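**Student:** One file: run_28.cif (mmCIF, C-alpha atoms).
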```cif
data_model
#
loop_
_atom_site.label_atom_id
_atom_site.label_comp_id
_atom_site.auth_asym_id
_atom_site.auth_seq_id
_atom_site.Cartn_x
_atom_site.Cartn_y
_atom_site.Cartn_z
CA MET A 17 -20.86 -9.33 -1.04
CA PRO A 18 -21.24 -9.98 -4.75
CA THR A 19 -18.27 -10.62 -6.93
CA LEU A 20 -17.64 -9.58 -10.48
CA GLY A 21 -16.70 -12.53 -12.68
CA VAL A 22 -13.84 -11.97 -15.08
CA ALA A 23 -12.13 -13.96 -17.81
CA GLU A 24 -11.51 -17.62 -17.17
CA GLY A 25 -8.44 -18.22 -15.04
CA LEU A 26 -8.37 -14.72 -13.62
CA GLY A 27 -10.80 -15.36 -10.76
CA SER A 28 -13.30 -12.85 -9.47
CA LYS A 29 -13.34 -9.52 -7.74
CA SER A 30 -15.45 -8.34 -4.83
CA ILE A 31 -17.49 -5.22 -5.44
CA LEU A 32 -19.17 -2.75 -3.15
CA THR A 33 -22.94 -2.81 -3.70
CA TYR A 34 -25.49 -0.03 -3.55
CA ASP A 35 -27.21 -1.90 -0.68
CA ALA A 36 -23.99 -1.84 1.36
CA ALA A 37 -23.52 1.85 0.55
CA GLU A 38 -27.06 2.62 1.72
CA ARG A 39 -26.43 0.77 5.00
CA MET A 40 -23.22 2.72 5.46
CA ILE A 41 -24.99 6.04 4.94
CA ALA A 42 -27.70 5.06 7.44
CA ALA A 43 -25.07 4.04 10.02
CA CYS A 44 -23.19 7.29 9.47
CA PHE A 45 -26.33 9.37 9.99
CA ALA A 46 -27.19 7.36 13.11
CA ALA A 47 -23.70 7.96 14.54
CA GLN A 48 -23.97 11.68 13.80
CA ALA A 49 -27.36 11.92 15.54
CA ALA A 50 -26.28 9.86 18.55
CA ALA A 51 -23.19 12.02 19.07
CA GLY A 52 -25.00 15.30 18.41
CA TYR A 53 -22.51 16.39 15.75
CA PRO A 54 -23.40 18.98 13.12
CA LYS A 55 -25.29 17.56 10.11
CA VAL A 56 -23.13 15.83 7.51
CA ASN A 57 -22.81 14.81 3.88
CA VAL A 58 -21.81 11.24 3.03
CA VAL A 59 -20.43 9.90 -0.25
CA VAL A 60 -19.57 6.28 -1.02
CA VAL A 61 -17.49 5.42 -4.10
CA ASP A 62 -16.16 2.22 -5.65
CA ASP A 63 -12.50 1.22 -5.94
CA GLY A 64 -12.11 3.47 -9.00
CA GLY A 65 -13.49 6.50 -7.19
CA ARG A 66 -16.84 6.39 -8.99
CA LEU A 67 -20.02 7.31 -7.16
CA ILE A 68 -22.19 4.56 -5.69
CA ALA A 69 -24.34 6.60 -3.30
CA ALA A 70 -24.47 10.02 -1.69
CA ALA A 71 -26.71 11.77 0.81
CA ARG A 72 -26.87 15.11 2.59
CA GLN A 73 -28.78 15.53 5.84
CA ASP A 74 -31.29 18.37 5.94
CA GLY A 75 -29.44 21.46 7.07
CA ALA A 76 -25.96 20.10 6.32
CA CYS A 77 -23.35 22.34 4.72
CA LYS A 78 -24.09 22.47 0.99
CA ALA A 79 -20.49 23.10 0.01
CA CYS A 80 -19.40 20.01 1.95
CA THR A 81 -20.88 17.58 -0.57
CA ASP A 82 -17.91 18.07 -2.89
CA ILE A 83 -15.51 17.78 0.04
CA ALA A 84 -17.12 14.48 1.11
CA GLN A 85 -16.82 13.16 -2.44
CA ASN A 86 -13.16 14.14 -2.68
CA LYS A 87 -12.49 12.48 0.68
CA ALA A 88 -14.12 9.26 -0.55
CA ILE A 89 -12.18 9.33 -3.83
CA THR A 90 -8.87 10.05 -2.08
CA SER A 91 -9.37 7.17 0.35
CA SER A 92 -10.39 4.77 -2.37
CA LEU A 93 -7.66 5.55 -4.88
CA TYR A 94 -4.84 5.85 -2.35
CA ALA A 95 -6.12 2.96 -0.16
CA ALA A 96 -5.62 5.07 2.96
CA PRO A 97 -7.54 7.29 5.35
CA THR A 98 -7.42 10.95 4.39
CA ARG A 99 -5.86 11.58 7.81
CA ALA A 100 -2.81 9.66 6.56
CA MET A 101 -2.61 12.01 3.60
CA ALA A 102 -2.51 14.92 6.06
CA ASP A 103 0.34 13.23 7.94
CA LEU A 104 2.24 12.76 4.67
CA SER A 105 1.56 16.32 3.53
CA PHE A 106 2.12 18.26 6.74
CA GLY A 107 3.76 15.87 9.23
CA VAL A 108 2.07 14.30 12.25
CA LYS A 109 2.31 17.54 14.25
CA ARG A 110 1.12 19.55 11.21
CA ASP A 111 4.30 21.63 11.36
CA GLY A 112 5.85 20.33 8.13
CA VAL A 113 8.56 18.40 9.95
CA ASP A 114 8.91 14.83 8.65
CA ALA A 115 6.28 15.36 5.97
CA GLY A 116 6.92 12.50 3.56
CA LEU A 117 5.09 14.07 0.61
CA PRO A 118 4.90 17.80 1.36
CA GLY A 119 3.37 18.67 -2.01
CA ALA A 120 0.62 16.04 -1.85
CA ALA A 121 -1.89 18.48 -0.35
CA PHE A 122 -1.71 20.50 -3.56
CA VAL A 123 -2.73 17.67 -5.90
CA PRO A 124 -6.13 18.68 -7.33
CA GLY A 125 -8.93 16.73 -5.65
CA LEU A 126 -6.70 15.08 -3.04
CA VAL A 127 -7.92 15.69 0.51
CA ALA A 128 -5.32 15.97 3.25
CA PHE A 129 -7.49 16.09 6.37
CA ALA A 130 -9.58 13.49 8.19
CA GLY A 131 -13.03 12.29 7.21
CA GLY A 132 -12.35 9.78 4.45
CA LEU A 133 -11.72 6.05 4.87
CA PRO A 134 -11.05 3.22 2.46
CA ILE A 135 -13.59 0.40 2.43
CA LYS A 136 -11.90 -3.00 2.52
CA THR A 137 -12.97 -6.61 2.31
CA VAL A 138 -12.27 -8.98 5.19
CA ALA A 139 -9.15 -10.02 3.23
CA GLY A 140 -7.97 -6.40 3.09
CA ASP A 141 -8.73 -5.62 -0.56
CA VAL A 142 -9.90 -2.04 -1.16
CA ILE A 143 -13.33 -2.03 -2.80
CA GLY A 144 -14.26 1.60 -2.25
CA GLY A 145 -14.09 4.67 -0.10
CA ILE A 146 -16.36 6.75 2.11
CA GLY A 147 -16.14 10.47 2.72
CA VAL A 148 -17.99 12.46 5.36
CA SER A 149 -18.02 16.23 5.64
CA GLY A 150 -19.93 18.85 7.60
CA ALA A 151 -18.70 18.43 11.17
CA SER A 152 -15.11 18.67 12.46
CA GLU A 153 -12.60 16.40 10.76
CA ASP A 154 -12.46 14.08 13.81
CA GLU A 155 -16.26 13.94 13.96
CA ASP A 156 -16.45 13.28 10.22
CA GLU A 157 -13.94 10.45 10.58
CA GLY A 158 -15.87 8.99 13.53
CA CYS A 159 -19.05 8.91 11.46
CA ALA A 160 -17.19 7.33 8.55
CA GLN A 161 -15.75 4.68 10.87
CA ALA A 162 -19.24 3.88 12.20
CA ALA A 163 -20.36 3.39 8.60
CA VAL A 164 -17.46 1.08 7.77
CA ASP A 165 -17.99 -0.88 10.99
CA ALA A 166 -21.65 -1.39 10.10
CA VAL A 167 -20.78 -3.44 7.01
CA SER A 168 -17.23 -4.66 7.60
CA LYS A 169 -18.12 -8.24 8.53
CA SER A 170 -20.22 -8.68 5.39
CA LEU A 171 -17.50 -7.51 2.96
CA ASN A 172 -16.04 -10.74 1.59
#
```
Take the structure I supplied and represent it as structure tokens, if you would.
**Tutor:**
Amino acid sequence: MPTLGVAEGLGSKSILTYDAAERMIAACFAAQAAAGYPKVNVVVVDDGGRLIAAARQDGACKACTDIAQNKAITSSLYAAPTRAMADLSFGVKRDGVDAGLPGAAFVPGLVAFAGGLPIKTVAGDVIGGIGVSGASEDEDEGCAQAAVDAVSKSLN
């Protein structure tokens, strides 16, 4: 994983590359096909929520591209799976009880349902996010996890 050099004495920062994003998209599509899920959209962003790569399978929901991007951005900027945002917004049982941030689901662009995951280095630093949309939220999250798993050991 390349690093971005910064001013002397400040060290360097790992970045998520386009090559890694492409491998993640391929792994996501392979997981979708192997499981027989509905076709999906995949978006990979950097740690600032900016687009690195995106792809939509033929026949995937066209409206889900924006949802996938918002999932990726949410996961990257909040350093958490979008499922965790759902837990904070609605409670674990989705009944509002014990919701830590009940208004979070109404923040523009924030996604409070599964399908987005942060992308972290081996050391645990967030370097991006991935969002998948088009299948059920659990299926989307499974595809996103397959994508993260495909590159996780190479993210230094």
**Student:** Rank nothing, just name the residue among A:Asp111, A:Asp74, A:Asp103, A:Glu38 nearest to A:Ile146, using all atoms listed in the file.
**Tutor:**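 Checking each of A:Asp111, A:Asp74, A:Asp103, A:Glu38 against A:Ile146, counting all atoms listed in the file, the winner is A:Glu38.
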**Student:** Could you check how far atom CA of A:Val142 sits from atom CA of A:Gly112, in Å to one decimal?
**Tutor:**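 Atom-to-atom, atom CA of A:Val142 to atom CA of A:Gly112, that is 28.9 Å.
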**Student:** Contacts of stretch 134-138 of chain A at 10 Å or less, counting all atoms listed in the file, minus same-chain residues fewer than 5 places along, as a PDB file with C-alpha atoms, in the frame of the given file?
**Tutor:**
```
ATOM      1  CA  MET A  17     -20.860  -9.330  -1.040  1.00  0.00           C
ATOM      2  CA  SER A  30     -15.450  -8.340  -4.830  1.00  0.00           C
ATOM      3  CA  ILE A  31     -17.490  -5.220  -5.440  1.00  0.00           C
ATOM      4  CA  LEU A  32     -19.170  -2.750  -3.150  1.00  0.00           C
ATOM      5  CA  VAL A  60     -19.570   6.280  -1.020  1.00  0.00           C
ATOM      6  CA  VAL A  61     -17.490   5.420  -4.100  1.00  0.00           C
ATOM      7  CA  ASP A  62     -16.160   2.220  -5.650  1.00  0.00           C
ATOM      8  CA  ASP A  63     -12.500   1.220  -5.940  1.00  0.00           C
ATOM      9  CA  LYS A  87     -12.490  12.480   0.680  1.00  0.00           C
ATOM     10  CA  ALA A  88     -14.120   9.260  -0.550  1.00  0.00           C
ATOM     11  CA  ILE A  89     -12.180   9.330  -3.830  1.00  0.00           C
ATOM     12  CA  THR A  90      -8.870  10.050  -2.080  1.00  0.00           C
ATOM     13  CA  SER A  91      -9.370   7.170   0.350  1.00  0.00           C
ATOM     14  CA  SER A  92     -10.390   4.770  -2.370  1.00  0.00           C
ATOM     15  CA  LEU A  93      -7.660   5.550  -4.880  1.00  0.00           C
ATOM     16  CA  TYR A  94      -4.840   5.850  -2.350  1.00  0.00           C
ATOM     17  CA  ALA A  95      -6.120   2.960  -0.160  1.00  0.00           C
ATOM     18  CA  ALA A  96      -5.620   5.070   2.960  1.00  0.00           C
ATOM     19  CA  PRO A  97      -7.540   7.290   5.350  1.00  0.00           C
ATOM     20  CA  THR A  98      -7.420  10.950   4.390  1.00  0.00           C
ATOM     21  CA  ILE A 143     -13.330  -2.030  -2.800  1.00  0.00           C
ATOM     22  CA  GLY A 144     -14.260   1.600  -2.250  1.00  0.00           C
ATOM     23  CA  GLY A 145     -14.090   4.670  -0.100  1.00  0.00           C
ATOM     24  CA  ILE A 146     -16.360   6.750   2.110  1.00  0.00           C
ATOM     25  CA  GLY A 147     -16.140  10.470   2.720  1.00  0.00           C
ATOM     26  CA  ALA A 160     -17.190   7.330   8.550  1.00  0.00           C
ATOM     27  CA  GLN A 161     -15.750   4.680  10.870  1.00  0.00           C
ATOM     28  CA  ALA A 163     -20.360   3.390   8.600  1.00  0.00           C
ATOM     29  CA  VAL A 164     -17.460   1.080   7.770  1.00  0.00           C
ATOM     30  CA  ASP A 165     -17.990  -0.880  10.990  1.00  0.00           C
ATOM     31  CA  VAL A 167     -20.780  -3.440   7.010  1.00  0.00           C
ATOM     32  CA  SER A 168     -17.230  -4.660   7.600  1.00  0.00           C
ATOM     33  CA  LYS A 169     -18.120  -8.240   8.530  1.00  0.00           C
ATOM     34  CA  SER A 170     -20.220  -8.680   5.390  1.00  0.00           C
ATOM     35  CA  LEU A 171     -17.500  -7.510   2.960  1.00  0.00           C
ATOM     36  CA  ASN A 172     -16.040 -10.740   1.590  1.00  0.00           C
TER      37      ASN A 172
END
```
**Student:** Do you know which residues the PyMOL selection byres ((chain A and resi 129) around 12) returns on this file, as a PyMOL selection string?
**Tutor:** chain A and resi 83-84+86-88+90-91+96-108+110+120-121+126-128+130-133+147-149+152-157
**Student:** Quick one: apply the PyMOL selection byres ((chain A and resi 54) around 10) to the file and drop the selected residues here as a ChimeraX atom specification.
**Tutor:** /A:48-49,51-53,55-56,73,75-77,149-152,155-156
**Student:** Enter the distance from atom CA of A:Tyr34 to atom CA of A:Leu67, in Å, rounded to one decimal.
**Tutor:**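 The value is 9.8 Å.
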**Student:** To one decimal place in Å, what is the distance between atom CA of A:Val59 and atom CA of A:Gln85?
**Tutor:**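 Taking atom CA of A:Val59 and atom CA of A:Gln85, their separation equals 5.3 Å.
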**Student:** Using all atoms listed in the file, can you tell me which of A:Ala37, A:Ala139, A:Ala46, A:Leu26 comes closest to A:Ala69?
**Tutor:** A:Ala37
